[in-house]
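Report on the following structure.
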Amino acid sequence: MLVKAYLSDRYPFHLRNTKLSKRILGTNIVCMHPSSFRLLVYEYVDNGNLEQWLHGDVGPISPLTWEIRMRIAIGTAKGLAYLHEGLEPKVIHRDVKSSNILLDRKWNAKVSDFGLAKLLGAEKSHVTTRVMGTFGYVSPDYASTGMLNECSDVYSFGVLLMEIVTGRSPVDYSREPGEMNLVDWFKGMVASRRGEELLDPKIQVPPPSRALKRVLLVCLRCIDMDANKRPKMGQIVHMLEADDFPFRTEPRPQRDMAMFRAGEDAGSKAPSVN
Ligand SMILES: Nc1ncnc2c1ncn2[C@@H]1O[C@H](COP(=O)(O)OP(=O)(O)O)[C@@H](O)[C@H]1O
Ligand SMILES: [Mg+2]
C-alpha cells in the first residue's frame, strides 16, 4: 500500500512518497478524507517505474524485450483512454512520462501520479495560467497557449512511446547537439528513411519490420503539430494492438493518411516508414 496526502482541492500539494506500508491491501484503493485534507491510498506496485527500466543500469541487454515494451505501451494507452474516455468529467493527467508509469512483476503498466491531473467537464479545453508538466514531454501547443485538453496527454504519450522504442530520454544533454531532443532526432531519422536505426540497441531480438513501422507511425501521429489531428487514446490502443494496421490492402481512408502528414513536418516528402 502506498499513501499520498493532498492538502488542497485544486492543485494538490504532495507530501511526496509518504509510503506508510509496502504491503498490498487491495488494488487501487482511493480514500478521501472528509475534511480538506486528502489521503489517496494506492496499491504498492512492486517492480519499479518504467524510467528505471529504460534508463537505469540494466546491462548491455535490456530485460524489456520488444513484446514487453509493447505490453507496457498498450497498458499505458489503456489507462489513459480510461481517464479520457471512460470518466465524466474526464481526467487530463498532465504529467505522462516514464517515471509515472509503474510496473508489476508481469510487466503490467499502471499510470500513476495524479499530482497535476485536471478534471475537464463539458468544455472542450481549459485555459491554465501556469503550464505544468515535465520538460521534453509537454506538447508545444499547451506550452505556448496554456490551452489544456486530452490532446496534450496524447502528445506526451507519443514522446513516451518514442522513449520506449528508442530507449532514449526525451532530452539528453550527453548526446551530440542534433540528438539531444528525442522528438527532433526521431522525426529527422524517419524523414531520412532511417527508422530501423531508431530501435533501442539494448533490444536483443528486433521486432518484424512492419511491427516497428506501425509503432513509429503511431508516435508520429501522437505528436502531430495540429493537436486536433492527434488520435484519441482509444484509437491508439487499437492501432497498437492491430496486427495489420496500417498495412491493409484496400485503399487507405483519409483518416489514416494523417500519420504520413505528421512525418512531413520533419522536412521531407514522406517518412521512410511507409
Ligand atoms: N503505488 C506505488 N507503488 C510503488 N511505487 C510507487 C507508487 N507510487 C509511486 N511510487 C514510486 O515513487 C516515485 C514517485 O512517485 P510519484 O507518485 O510519481 O510522485 P512525484 O513524482 O510527485 O514525486 C515513482 O516514480 C515510483 O518509483
Ligand atoms: Mg511522478
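We label chains A, B, ... in the order they appear in the C-alpha cells, count residues from 1 in each chain, and number ligands from 1 in the order shown.
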
field: Shell of 7 Å around ligand 2 (only C-alpha atoms and all ligand atoms), written as an MDAnalysis selection string
entry: chainID A and resid 99:100 113

Give me, as an mmCIF file with C-alpha atoms, in the first residue's frame, the residues of region 36-240 of chain A that a backbone DSSP run labels alpha helix (DSSP H).
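Result went into selection.cif, see below:
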```
data_model
loop_
_atom_site.group_PDB
_atom_site.id
_atom_site.type_symbol
_atom_site.label_atom_id
_atom_site.label_comp_id
_atom_site.auth_asym_id
_atom_site.auth_seq_id
_atom_site.Cartn_x
_atom_site.Cartn_y
_atom_site.Cartn_z
ATOM 1 C CA LEU A 50 9.495 2.466 -16.462
ATOM 2 C CA GLU A 51 12.178 5.144 -16.343
ATOM 3 C CA GLN A 52 14.349 2.946 -14.137
ATOM 4 C CA TRP A 53 13.991 0.008 -16.517
ATOM 5 C CA LEU A 54 14.623 2.072 -19.662
ATOM 6 C CA HIS A 55 17.467 4.262 -18.466
ATOM 7 C CA TRP A 66 10.047 -5.671 -27.776
ATOM 8 C CA GLU A 67 6.999 -7.667 -26.690
ATOM 9 C CA ILE A 68 7.271 -6.427 -23.112
ATOM 10 C CA ARG A 69 7.657 -2.853 -24.325
ATOM 11 C CA MET A 70 4.518 -3.167 -26.430
ATOM 12 C CA ARG A 71 2.657 -4.645 -23.475
ATOM 13 C CA ILE A 72 3.699 -1.637 -21.402
ATOM 14 C CA ALA A 73 2.767 0.809 -24.187
ATOM 15 C CA ILE A 74 -0.659 -0.750 -24.670
ATOM 16 C CA GLY A 75 -1.300 -0.893 -20.910
ATOM 17 C CA THR A 76 -0.390 2.762 -20.557
ATOM 18 C CA ALA A 77 -2.578 3.702 -23.532
ATOM 19 C CA LYS A 78 -5.496 1.815 -21.983
ATOM 20 C CA GLY A 79 -5.003 3.614 -18.673
ATOM 21 C CA LEU A 80 -5.040 6.993 -20.396
ATOM 22 C CA ALA A 81 -8.006 6.008 -22.574
ATOM 23 C CA TYR A 82 -9.897 5.276 -19.379
ATOM 24 C CA LEU A 83 -9.039 8.693 -17.937
ATOM 25 C CA HIS A 84 -10.002 10.492 -21.160
ATOM 26 C CA GLU A 85 -12.908 8.462 -22.431
ATOM 27 C CA PRO A 140 4.152 22.651 -27.749
ATOM 28 C CA ASP A 141 0.582 23.940 -28.220
ATOM 29 C CA TYR A 142 -0.180 23.607 -24.498
ATOM 30 C CA ALA A 143 3.172 25.174 -23.602
ATOM 31 C CA SER A 144 2.555 28.186 -25.830
ATOM 32 C CA THR A 145 -1.150 28.818 -25.164
ATOM 33 C CA GLU A 150 -6.613 15.484 -23.742
ATOM 34 C CA CYS A 151 -4.550 16.194 -26.881
ATOM 35 C CA SER A 152 -1.669 17.306 -24.672
ATOM 36 C CA ASP A 153 -1.634 13.927 -22.896
ATOM 37 C CA VAL A 154 -1.623 12.291 -26.349
ATOM 38 C CA TYR A 155 1.475 14.303 -27.298
ATOM 39 C CA SER A 156 3.217 13.262 -24.064
ATOM 40 C CA PHE A 157 2.227 9.654 -24.737
ATOM 41 C CA GLY A 158 3.828 9.990 -28.199
ATOM 42 C CA VAL A 159 7.087 11.106 -26.596
ATOM 43 C CA LEU A 160 6.818 8.246 -24.102
ATOM 44 C CA LEU A 161 6.292 5.781 -26.953
ATOM 45 C CA MET A 162 9.406 7.121 -28.689
ATOM 46 C CA GLU A 163 11.270 6.645 -25.415
ATOM 47 C CA ILE A 164 10.026 3.047 -25.179
ATOM 48 C CA VAL A 165 11.125 2.272 -28.747
ATOM 49 C CA THR A 166 14.488 4.038 -28.685
ATOM 50 C CA LEU A 182 14.330 12.993 -28.846
ATOM 51 C CA VAL A 183 11.351 14.288 -30.865
ATOM 52 C CA ASP A 184 13.533 16.263 -33.300
ATOM 53 C CA TRP A 185 16.001 13.410 -33.743
ATOM 54 C CA PHE A 186 13.206 10.889 -34.172
ATOM 55 C CA LYS A 187 11.406 12.952 -36.834
ATOM 56 C CA GLY A 188 14.686 13.565 -38.673
ATOM 57 C CA MET A 189 15.539 9.869 -38.707
ATOM 58 C CA VAL A 190 12.105 8.921 -40.037
ATOM 59 C CA ALA A 191 12.297 11.638 -42.695
ATOM 60 C CA SER A 209 9.987 -4.536 -39.634
ATOM 61 C CA ARG A 210 6.295 -3.875 -40.142
ATOM 62 C CA ALA A 211 5.590 -4.015 -36.407
ATOM 63 C CA LEU A 212 8.292 -1.423 -35.830
ATOM 64 C CA LYS A 213 6.949 0.763 -38.640
ATOM 65 C CA ARG A 214 3.466 0.602 -37.214
ATOM 66 C CA VAL A 215 4.658 1.874 -33.860
ATOM 67 C CA LEU A 216 6.813 4.604 -35.425
ATOM 68 C CA LEU A 217 3.727 5.836 -37.261
ATOM 69 C CA VAL A 218 1.729 5.907 -34.046
ATOM 70 C CA CYS A 219 4.498 8.014 -32.479
ATOM 71 C CA LEU A 220 4.320 10.490 -35.360
ATOM 72 C CA ARG A 221 0.555 10.744 -35.204
ATOM 73 C CA CYS A 222 0.612 11.445 -31.475
ATOM 74 C CA MET A 233 -6.141 7.330 -26.722
ATOM 75 C CA GLY A 234 -8.780 4.684 -27.506
ATOM 76 C CA GLN A 235 -7.764 4.765 -31.177
ATOM 77 C CA ILE A 236 -4.133 4.465 -30.154
ATOM 78 C CA VAL A 237 -4.920 1.295 -28.204
ATOM 79 C CA HIS A 238 -6.459 -0.176 -31.365
ATOM 80 C CA MET A 239 -3.559 0.952 -33.532
ATOM 81 C CA LEU A 240 -1.018 -0.609 -31.213
#
```

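Of the listed residues (A:Pro177, A:Gly56, A:Gly48, A:Gly133), A:Gly48 comes nearest to ligand 1; the distances count only C-alpha atoms and all ligand atoms.
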
message: Can you tell me, as a VMD selection string, which residues in region 38-151 of chain A count as strand (DSSP E or B) by DSSP?
response: chain A and resid 38 to 42 49 90 to 92 101 to 103 109 to 111 118 to 120 126 to 127 147 to 148

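Between CA of Gly115 (chain A) and atom 3 (N, counted along the ligand's line) of ligand 1 there is a distance of 14.5 Å.
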
- request: Could you give me, as a ChimeraX atom specification, the residues within 12 Å of Gln204 (chain A), counting only C-alpha atoms and dropping anything in the same chain fewer than 4 positions from it?
  value: /A:59-67,199-200

Convert the current residue selection to file output with N, CA and C atoms, as a JSON list (two decimals), in the first residue's frame.
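Below you can see result_1.json, which holds the result:
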```
[["chain", "number", "residue", "atom", "x", "y", "z"],
["A", 59, "GLY", "N", 22.55, -3.29, -17.83],
["A", 59, "GLY", "CA", 23.50, -4.08, -18.61],
["A", 59, "GLY", "C", 23.27, -3.91, -20.09],
["A", 60, "PRO", "N", 24.06, -4.62, -20.91],
["A", 60, "PRO", "CA", 24.01, -4.41, -22.37],
["A", 60, "PRO", "C", 22.72, -4.89, -23.03],
["A", 61, "ILE", "N", 22.04, -5.83, -22.37],
["A", 61, "ILE", "CA", 20.78, -6.33, -22.94],
["A", 61, "ILE", "C", 19.65, -6.00, -21.99],
["A", 62, "SER", "N", 18.65, -5.28, -22.52],
["A", 62, "SER", "CA", 17.54, -4.86, -21.67],
["A", 62, "SER", "C", 16.61, -6.04, -21.39],
["A", 63, "PRO", "N", 16.16, -6.16, -20.15],
["A", 63, "PRO", "CA", 15.13, -7.18, -19.88],
["A", 63, "PRO", "C", 13.83, -6.82, -20.59],
["A", 64, "LEU", "N", 13.68, -5.58, -21.00],
["A", 64, "LEU", "CA", 12.48, -5.16, -21.70],
["A", 64, "LEU", "C", 12.58, -5.54, -23.17],
["A", 65, "THR", "N", 12.05, -6.71, -23.50],
["A", 65, "THR", "CA", 12.03, -7.13, -24.90],
["A", 65, "THR", "C", 11.04, -6.26, -25.66],
["A", 66, "TRP", "N", 11.02, -6.42, -26.97],
["A", 66, "TRP", "CA", 10.05, -5.67, -27.78],
["A", 66, "TRP", "C", 8.62, -5.98, -27.31],
["A", 67, "GLU", "N", 8.35, -7.26, -27.09],
["A", 67, "GLU", "CA", 7.00, -7.67, -26.69],
["A", 67, "GLU", "C", 6.63, -7.04, -25.34],
["A", 199, "LEU", "N", 15.57, 1.89, -33.22],
["A", 199, "LEU", "CA", 15.34, 0.86, -32.21],
["A", 199, "LEU", "C", 16.44, 0.85, -31.15],
["A", 200, "ASP", "N", 16.03, 0.74, -29.90],
["A", 200, "ASP", "CA", 16.97, 0.66, -28.78],
["A", 200, "ASP", "C", 17.96, -0.48, -29.01]]
```

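Atom pair CA of His126 (chain A) / CA of Pro231 (chain A) has a distance of 19.1 Å (rounded to one decimal).
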
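Among the candidates A:Met147, A:Lys90, A:Ser192, A:Leu103, the one nearest to ligand 1 when counting only C-alpha atoms and all ligand atoms is A:Leu103.
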
- request: Mind giving me the straight-line distance from CA of Ala227 (chain A) to CA of Val127 (chain A) in Å, one decimal?
  value: 15.0 Å

- prompt: Taking only C-alpha atoms and all ligand atoms into account, which of A:Arg130, A:Arg193, A:Lys124, A:His93 comes nearest ligand 1?
  reply: A:His93
